[in-house]
Protein chains: 4
Amino acid sequence: MISFRNDYSEGALPEIMQVLTETNLHQTVGYGLDEWCDKARAKIQDAIQCPGADVHFLVGGTQANQTCISAFLRSHEAVIGVDTAHINVHETGAIEATGHKVLAVAGKDGKVTASDIRQMVALHTDEHMVKPKMVYISDSTEIGTIYTLQELEEISACCRDLGLYLYLDGARLGSALTAEGNDITLPDLARLTDAFYIGGTKNGALFGEAVVLINPALKEDFRYLIKQHGGMLAKGRLLGIQFATLFTDDLFFRAARHANECAKKLKQGLVECGVTFMADSVTNQQFPIFTEEEIAKLAEHFMFERWANIDADHAVIRFCTSWATTEEQIGALIQAVKSL
Amino acid sequence: MISFRNDYSEGALPEIMQVLTETNLHQTVGYGLDEWCDKARAKIQDAIQCPGADVHFLVGGTQANQTCISAFLRSHEAVIGVDTAHINVHETGAIEATGHKVLAVAGKDGKVTASDIRQMVALHTDEHMVKPKMVYISDSTEIGTIYTLQELEEISACCRDLGLYLYLDGARLGSALTAEGNDITLPDLARLTDAFYIGGTKNGALFGEAVVLINPALKEDFRYLIKQHGGMLAKGRLLGIQFATLFTDDLFFRAARHANECAKKLKQGLVECGVTFMADSVTNQQFPIFTEEEIAKLAEHFMFERWANIDADHAVIRFCTSWATTEEQIGALIQAVKSL
Amino acid sequence: MISFRNDYSEGALPEIMQVLTETNLHQTVGYGLDEWCDKARAKIQDAIQCPGADVHFLVGGTQANQTCISAFLRSHEAVIGVDTAHINVHETGAIEATGHKVLAVAGKDGKVTASDIRQMVALHTDEHMVKPKMVYISDSTEIGTIYTLQELEEISACCRDLGLYLYLDGARLGSALTAEGNDITLPDLARLTDAFYIGGTKNGALFGEAVVLINPALKEDFRYLIKQHGGMLAKGRLLGIQFATLFTDDLFFRAARHANECAKKLKQGLVECGVTFMADSVTNQQFPIFTEEEIAKLAEHFMFERWANIDADHAVIRFCTSWATTEEQIGALIQAVKSL
Amino acid sequence: MISFRNDYSEGALPEIMQVLTETNLHQTVGYGLDEWCDKARAKIQDAIQCPGADVHFLVGGTQANQTCISAFLRSHEAVIGVDTAHINVHETGAIEATGHKVLAVAGKDGKVTASDIRQMVALHTDEHMVKPKMVYISDSTEIGTIYTLQELEEISACCRDLGLYLYLDGARLGSALTAEGNDITLPDLARLTDAFYIGGTKNGALFGEAVVLINPALKEDFRYLIKQHGGMLAKGRLLGIQFATLFTDDLFFRAARHANECAKKLKQGLVECGVTFMADSVTNQQFPIFTEEEIAKLAEHFMFERWANIDADHAVIRFCTSWATTEEQIGALIQAVKSL
């Protein structure tokens, strides 16, 4: 059985495992105040060309989103996101659990548009309604699409115009920034957003997300919020070691590029077999459409996620590639689809 | 510089690092549903002699406490704990952040007594006050003391009598259960509490706490709550691997016993030097009292935590030992105290 | 200037003011435990033919909705409502502020359908998403439409089938139950819902909503929740007096019937002038469409709410009638529309 | 049966009932934006000599406290109060329900001292603990004592020094400001606090508390918070009418003075009978100590609250006087005590 179920099926990049093992008996202080975290912070500040940014390391994506959004907003303020947004669907109401409404817009290709934002803000006119104060986007999106620099510039300008914070969920940021057609860079994110996070879990770390706070207004007391949400890892060094390693020798981008290349090969192979797709993804998630019979056959030898039903006979499934995906695995899957 | 600052200064037990490395490229499903987690669950059910218990793996202690307490209580219900309790002082209001009041009792030797519980419940007579519904204890306590089986039996009987849930924070449970004078076993906990957690972070894991739900009324939908609180680790296998390893060949207890033995040697050495202590700890945290001048000298070569001021000239500090503490480190510290 | 802006523009029904005045110096205990509240409770239990129902008196509708929903749900559970629902749009995120997601369905004519409910529940398959546990409907709806008994029976059966609580917001229940075409009675509500509230504020009380709890599972400790949400009125007698008076000599229904008759006359008058409507309301809210120029003219002599824009030149406005509306006021408004 | 149980046993001052009746059919806009509320706001700004203050009218005290505290604090910030504080004991955890810890200090005579505040802040040193950000005091206190101007000046200076907001709960402010020995004025409160509320419910209104926001940093979007907490009364005029009437012809102070004079007579009468008291109250709450037998006898003809047990044979009870208390009632009670 080969798994394309997600990009967190294996442990971590060998480079990371090696440093974790080498440093295992070093003594450090806890809670992210050690030298490894400092080192990782400096590397990230460098990479985003923003020496003044605050960088905090958290364990997971839902935790990062929940901590940031609840730290940034007052209780009557709401966050705008696309209807398929992770915070709107797949975090078990973690945002609402901290008191905030998620205002869902229809979006386009899984992406929020500046026009969506303007319309949503225009609808919220007085104190009988929540006050939109933040926009949540993710790159890549839930359906594998990516933002263009122009789209991001427009959203950013719109947010500044309307007094909204712009926050980018980068759970799969590596895959987005190394995707074909991408023209956004890490420094662009530091320039255009108020805060974002760089995802480690889905790009070769055992776990870990690096939250980057750009807007000075959002920095105050952030460590209190991490602690209160149960996100302050005692052995914080584990996060520092992983991000310092990811941001050494371009490892973060190399790992993501590999995942994308695997996805591209897979996509090409499937297209050649006549398979159609729910969305035109350029990243490491691919959403092909198969008949139920085909899905059942594939499931005999491969693991993947069932994404959505199309009709009684057809459904969308998701294949995820990662830093760990091999040529052989891709080859085997394409072969299996050919034989359907 | 040698650190006695805490029991999470190093990485993990070599046995754990080895299994993590060996299994690194195995593919598993995410979120704690993999075979490693199943294996760890079975080992823990065995160890506590309670096959019907639910076992969930979380990353950290604050997360475990917050998730459990908010899962168990309705919003007007409160939890009773000793005034020094971790949830009352050192979790940045994580319990209140989910809406619940912590009712603090003075306790004795860092421990809640059945009499404290009865008095607190008697004070809360109507709907203008919160409703006490849960008791939180930790073993070992914040000041290193441990409960006796008789104390635990009394508290448990009192809770059942009053309709309160009993929850035990086992962040340092290994140290407690292997301490000199301890007469409590894991099966006792399963018999006497409604829920508890077995601490991994402070006993040789990279991270991880195993939440054990005994009372069937507390089990429903617990995974929803884990997810909502940002505690569902994508690569859940990491927790399964660590706990399966800890509960193989008695590793969990061997690691704790080692920490206690180091603490005992240290304590004896200090007593011989005439040092006095804030509390009579039998576990891996020791709380000696020194003059400010002595503390300054020790700080030149050792790291430790400053615990509390006694007067202008004296303070309590804390020395923590762990699975990783060496004879040499203990020897060096005793030597340094002798030379003061 | 005559106001059709809402159904709470005046004080209270003269009958209510009279009893408040007469009883002003009587001494009673506080917090809803007085004899007036007991009397009102008994009258409501009678009217709904459900002697076992718990009846609690709250000050306002948002308070009633927030207290009920947060009392009934655990933190990962969500409430389904139509997208225009008061809790989804006009309560400043009061439901999310207590931690719960509102799952919005498109509905039909401002009403939730059983089919909406089934689809929403079918989408929520695992612990990565919130768990739908409750359905919120209001009668009359936000756009003045009413449920038929058959619709309510279907929704109720669907909720019982799926294990969902059914809650009905009766802010304008009087108007709904006395509307042309209505075939629902108060006893039907007690039979088909788990809880509902009978609105006083918009039907002639100074303020006050009577929350009725039918399902025994929802009754426990409800007074604690009222208090915690700041809803326990010190002089609770004020609520008891008002509801006892409303449920004496059919006053509740007489007041509502008057409001509906005024609305009907107004609607007929406008239809005769050729005015069209956004929705076919049979209750005391009417939603005519006018040009911007017409709206500006009407605004010189009448107050009303602007509801929604249709296009650059047209908008929907809302006229509300109430127990206090007079023939003269209706006449004046129709005359003004005729003269446009 | 005569009730001394509380100061909200009757309806409202006749002056208030009269204006409510006279204005009953006037049409106004809702939600506190009407001319009566404007008038009341202006009168209060005048009375406190602070034209820039924001004044909002809420229905009850728990609601006012909860709305203010949750509006002012970020989620990791805590409020300091005396252990007997209403928010700490008698609001069913309403503050914790919005996510904030109440840090209880022992105080003196029911009052917080500047020294308490400094000690509590000194204990909270890092992000593992909540951050004290606000001080809550009430005048008169829960046990009927009052602050002196000097005490209030000291607390205020201490708060400004430490960066804490100072908030005063004025549920019984009228009684405090008209008490023998009081040297604080309304303008002092505007000068020395960041926010406070003027209690109507316990001083002759049907209900209502006037929240006064002095510190500009606390004013933003406060109406959103009122609405979200279910505190925005539809017929907001009712609050405006009551406060405009209370602040006309000194009615607020006349009513409070009457209550205090009744309490003073009662106290003198009891002292002459040899009764002792739990606290030396100069306001409308008196806390005499009686034997259980005496209490049982008094309870045959009078209602009062049982406050606390002293020993097996003695308890403290509370007698409350109000604007509505009569000479005859006081006389009857003293006579009854004499006959014990």
# chains A, B, ... in the order shown; residues from 1 in each chain; ligands from 1

$ residues_around --residues "Gln45 (chain B)" --least-positions-apart "6" --cutoff "10 Å" --atoms "only C-alpha atoms" --output "JSON, numbers by chain"
{"B": [39, 51, 52, 53, 54, 55, 186, 187, 190, 212]}

$ write_last_selection --atoms "N, CA, C and O atoms" --output "PDB file, in the first residue's frame"
ATOM      1  N   LYS B  39      -0.921   0.873  19.321  1.00  0.00           N
ATOM      2  CA  LYS B  39      -0.031   0.050  20.139  1.00  0.00           C
ATOM      3  C   LYS B  39       0.210   0.713  21.504  1.00  0.00           C
ATOM      4  O   LYS B  39       0.130   0.062  22.556  1.00  0.00           O
ATOM      5  N   PRO B  51      -8.923  -1.947  30.470  1.00  0.00           N
ATOM      6  CA  PRO B  51      -9.028  -2.086  29.014  1.00  0.00           C
ATOM      7  C   PRO B  51     -10.062  -1.155  28.391  1.00  0.00           C
ATOM      8  O   PRO B  51      -9.982  -0.849  27.204  1.00  0.00           O
ATOM      9  N   GLY B  52     -11.006  -0.686  29.191  1.00  0.00           N
ATOM     10  CA  GLY B  52     -12.048   0.170  28.633  1.00  0.00           C
ATOM     11  C   GLY B  52     -11.697   1.647  28.606  1.00  0.00           C
ATOM     12  O   GLY B  52     -12.469   2.465  28.108  1.00  0.00           O
ATOM     13  N   ALA B  53     -10.527   2.001  29.112  1.00  0.00           N
ATOM     14  CA  ALA B  53     -10.160   3.422  29.138  1.00  0.00           C
ATOM     15  C   ALA B  53      -9.915   3.949  27.730  1.00  0.00           C
ATOM     16  O   ALA B  53      -9.405   3.231  26.881  1.00  0.00           O
ATOM     17  N   ASP B  54     -10.276   5.206  27.498  1.00  0.00           N
ATOM     18  CA  ASP B  54      -9.868   5.878  26.265  1.00  0.00           C
ATOM     19  C   ASP B  54      -8.526   6.549  26.514  1.00  0.00           C
ATOM     20  O   ASP B  54      -8.332   7.173  27.571  1.00  0.00           O
ATOM     21  N   VAL B  55      -7.625   6.448  25.551  1.00  0.00           N
ATOM     22  CA  VAL B  55      -6.312   7.077  25.692  1.00  0.00           C
ATOM     23  C   VAL B  55      -6.075   7.986  24.491  1.00  0.00           C
ATOM     24  O   VAL B  55      -6.208   7.548  23.347  1.00  0.00           O
ATOM     25  N   LEU B 186      -0.458   2.860  38.930  1.00  0.00           N
ATOM     26  CA  LEU B 186      -1.277   3.276  37.781  1.00  0.00           C
ATOM     27  C   LEU B 186      -2.691   2.692  37.872  1.00  0.00           C
ATOM     28  O   LEU B 186      -3.663   3.438  37.652  1.00  0.00           O
ATOM     29  N   PRO B 187      -2.856   1.423  38.181  1.00  0.00           N
ATOM     30  CA  PRO B 187      -4.236   0.909  38.319  1.00  0.00           C
ATOM     31  C   PRO B 187      -5.038   1.642  39.402  1.00  0.00           C
ATOM     32  O   PRO B 187      -6.259   1.805  39.261  1.00  0.00           O
ATOM     33  N   ALA B 190      -6.563   4.605  37.758  1.00  0.00           N
ATOM     34  CA  ALA B 190      -7.700   4.234  36.912  1.00  0.00           C
ATOM     35  C   ALA B 190      -8.928   3.925  37.762  1.00  0.00           C
ATOM     36  O   ALA B 190     -10.070   4.129  37.337  1.00  0.00           O
ATOM     37  N   VAL B 212      -5.873   9.925  29.791  1.00  0.00           N
ATOM     38  CA  VAL B 212      -6.603   8.682  30.019  1.00  0.00           C
ATOM     39  C   VAL B 212      -7.990   9.024  30.555  1.00  0.00           C
ATOM     40  O   VAL B 212      -8.116   9.672  31.599  1.00  0.00           O
TER      41      VAL B 212
END

$ residues_around --residues "Asp83 (chain C)" --least-positions-apart "6" --cutoff "8 Å" --atoms "only C-alpha atoms" --output "ChimeraX atom specification"
/C:89,104-107

$ residues_around --residues "Gly274 (chain B)" --least-positions-apart "2" --cutoff "12 Å" --atoms "only C-alpha atoms" --output "MDAnalysis selection string"
chainID B and resid 267:272 276:277 288:290 334 337:338 340

$ closest_atom_pairs --of "chain D" --to "chain A" --cutoff "12 Å" --atoms "only C-alpha atoms" --output "CSV"
residue,atom,partner,partner_atom,distance
D:Tyr31,CA,A:His128,CA,9.9
D:Thr67,CA,A:Ser75,CA,10.8
D:Ile69,CA,A:Ser75,CA,11.8
D:Ser70,CA,A:Ser75,CA,8.2
D:Ala71,CA,A:Ser75,CA,7.8
D:Phe72,CA,A:Arg74,CA,9.4
D:Leu73,CA,A:Arg74,CA,9.0
D:Arg74,CA,A:Arg74,CA,7.4
D:Ser75,CA,A:Leu225,CA,7.7
D:His76,CA,A:Tyr224,CA,6.3
D:Glu77,CA,A:Tyr224,CA,9.1
D:Ala78,CA,A:Tyr224,CA,12.0
D:Ala97,CA,A:Gly99,CA,11.0
D:Thr98,CA,A:Gly99,CA,8.9
D:Gly99,CA,A:Thr98,CA,8.9
D:His100,CA,A:Gln228,CA,11.1
D:Lys101,CA,A:Gln228,CA,11.7
D:His124,CA,A:Tyr224,CA,11.9
D:Thr125,CA,A:Tyr224,CA,11.4
D:Asp126,CA,A:Tyr224,CA,8.2
D:Glu127,CA,A:Tyr224,CA,4.6
D:His128,CA,A:Lys227,CA,6.4
D:Met129,CA,A:Tyr224,CA,7.8
D:Val130,CA,A:Tyr224,CA,7.5
D:Lys131,CA,A:Tyr224,CA,8.3
D:Glu220,CA,A:Arg74,CA,10.7
D:Asp221,CA,A:Glu127,CA,7.7
D:Phe222,CA,A:Glu127,CA,8.9
D:Arg223,CA,A:Glu127,CA,6.2
D:Tyr224,CA,A:Glu127,CA,4.6
D:Leu225,CA,A:His76,CA,6.5
D:Ile226,CA,A:Glu127,CA,8.9
D:Lys227,CA,A:His128,CA,6.4
D:Gln228,CA,A:His76,CA,7.1
D:His229,CA,A:His76,CA,9.9
D:Gly230,CA,A:His128,CA,10.5
D:Gly231,CA,A:His128,CA,11.5
D:Met232,CA,A:His128,CA,9.4
D:Leu233,CA,A:His128,CA,12.0
D:Ala234,CA,A:His128,CA,11.5

$ write_last_selection --atoms "C-alpha atoms" --output "mmCIF file, in the first residue's frame"
data_model
loop_
_atom_site.group_PDB
_atom_site.id
_atom_site.type_symbol
_atom_site.label_atom_id
_atom_site.label_comp_id
_atom_site.auth_asym_id
_atom_site.auth_seq_id
_atom_site.Cartn_x
_atom_site.Cartn_y
_atom_site.Cartn_z
ATOM 1 C CA TYR D 31 -31.212 50.899 21.234
ATOM 2 C CA THR D 67 -19.292 43.995 29.244
ATOM 3 C CA ILE D 69 -14.126 44.034 31.701
ATOM 4 C CA SER D 70 -14.285 41.951 28.547
ATOM 5 C CA ALA D 71 -14.258 45.094 26.415
ATOM 6 C CA PHE D 72 -11.198 46.515 28.139
ATOM 7 C CA LEU D 73 -8.958 43.450 28.402
ATOM 8 C CA ARG D 74 -7.143 41.225 25.944
ATOM 9 C CA SER D 75 -7.601 37.535 26.687
ATOM 10 C CA HIS D 76 -4.396 37.040 28.693
ATOM 11 C CA GLU D 77 -5.072 40.071 30.880
ATOM 12 C CA ALA D 78 -6.584 39.756 34.346
ATOM 13 C CA ALA D 97 -16.893 33.141 31.045
ATOM 14 C CA THR D 98 -15.432 35.879 28.853
ATOM 15 C CA GLY D 99 -11.959 34.439 29.328
ATOM 16 C CA HIS D 100 -10.421 36.492 32.124
ATOM 17 C CA LYS D 101 -8.995 35.525 35.452
ATOM 18 C CA HIS D 124 3.161 38.217 37.871
ATOM 19 C CA THR D 125 6.499 38.294 36.165
ATOM 20 C CA ASP D 126 6.273 36.503 32.863
ATOM 21 C CA GLU D 127 4.123 35.005 30.107
ATOM 22 C CA HIS D 128 3.461 31.789 32.001
ATOM 23 C CA MET D 129 1.105 33.771 34.213
ATOM 24 C CA VAL D 130 -1.783 36.086 33.367
ATOM 25 C CA LYS D 131 -0.981 39.787 33.110
ATOM 26 C CA GLU D 220 -13.876 52.404 20.845
ATOM 27 C CA ASP D 221 -16.689 50.182 19.601
ATOM 28 C CA PHE D 222 -18.222 49.848 23.056
ATOM 29 C CA ARG D 223 -21.715 49.598 21.568
ATOM 30 C CA TYR D 224 -20.653 46.469 19.663
ATOM 31 C CA LEU D 225 -19.732 44.888 22.965
ATOM 32 C CA ILE D 226 -23.021 45.873 24.604
ATOM 33 C CA LYS D 227 -24.913 44.263 21.753
ATOM 34 C CA GLN D 228 -22.766 41.126 21.715
ATOM 35 C CA HIS D 229 -23.379 40.599 25.425
ATOM 36 C CA GLY D 230 -27.131 40.869 24.978
ATOM 37 C CA GLY D 231 -27.193 44.196 26.825
ATOM 38 C CA MET D 232 -28.631 46.506 24.176
ATOM 39 C CA LEU D 233 -32.199 47.147 25.244
ATOM 40 C CA ALA D 234 -34.574 47.539 22.282
#

$ residues_around --residues "His258 (chain A)" --least-positions-apart "3" --cutoff "6 Å" --atoms "only C-alpha atoms" --output "list in words"
Ala255, Glu261 and Trp323 of chain A

$ write_last_selection --atoms "all heavy atoms" --output "PDB file, in the first residue's frame"
ATOM      1  N   ALA A 255      12.903  20.915  -0.622  1.00  0.00           N
ATOM      2  CA  ALA A 255      11.899  19.903  -0.266  1.00  0.00           C
ATOM      3  C   ALA A 255      10.579  20.183  -0.988  1.00  0.00           C
ATOM      4  O   ALA A 255       9.923  19.276  -1.517  1.00  0.00           O
ATOM      5  CB  ALA A 255      11.688  19.892   1.245  1.00  0.00           C
ATOM      6  N   GLU A 261       7.453  18.812  -8.130  1.00  0.00           N
ATOM      7  CA  GLU A 261       7.860  18.074  -9.334  1.00  0.00           C
ATOM      8  C   GLU A 261       7.165  16.718  -9.393  1.00  0.00           C
ATOM      9  O   GLU A 261       6.714  16.284 -10.454  1.00  0.00           O
ATOM     10  CB  GLU A 261       9.380  17.914  -9.363  1.00  0.00           C
ATOM     11  CG  GLU A 261      10.067  19.188  -9.858  1.00  0.00           C
ATOM     12  CD  GLU A 261      11.537  19.283  -9.450  1.00  0.00           C
ATOM     13  OE1 GLU A 261      12.094  18.241  -9.032  1.00  0.00           O
ATOM     14  OE2 GLU A 261      12.102  20.389  -9.536  1.00  0.00           O
ATOM     15  N   TRP A 323       7.989  15.920   0.128  1.00  0.00           N
ATOM     16  CA  TRP A 323       9.440  15.766   0.080  1.00  0.00           C
ATOM     17  C   TRP A 323       9.842  14.290   0.034  1.00  0.00           C
ATOM     18  O   TRP A 323      10.929  13.957  -0.426  1.00  0.00           O
ATOM     19  CB  TRP A 323      10.052  16.406   1.337  1.00  0.00           C
ATOM     20  CG  TRP A 323       9.510  15.774   2.602  1.00  0.00           C
ATOM     21  CD1 TRP A 323       8.355  16.104   3.236  1.00  0.00           C
ATOM     22  CD2 TRP A 323      10.059  14.675   3.324  1.00  0.00           C
ATOM     23  NE1 TRP A 323       8.148  15.297   4.315  1.00  0.00           N
ATOM     24  CE2 TRP A 323       9.181  14.416   4.404  1.00  0.00           C
ATOM     25  CE3 TRP A 323      11.217  13.895   3.185  1.00  0.00           C
ATOM     26  CZ2 TRP A 323       9.426  13.403   5.335  1.00  0.00           C
ATOM     27  CZ3 TRP A 323      11.450  12.886   4.115  1.00  0.00           C
ATOM     28  CH2 TRP A 323      10.560  12.641   5.175  1.00  0.00           C
TER      29      TRP A 323
END
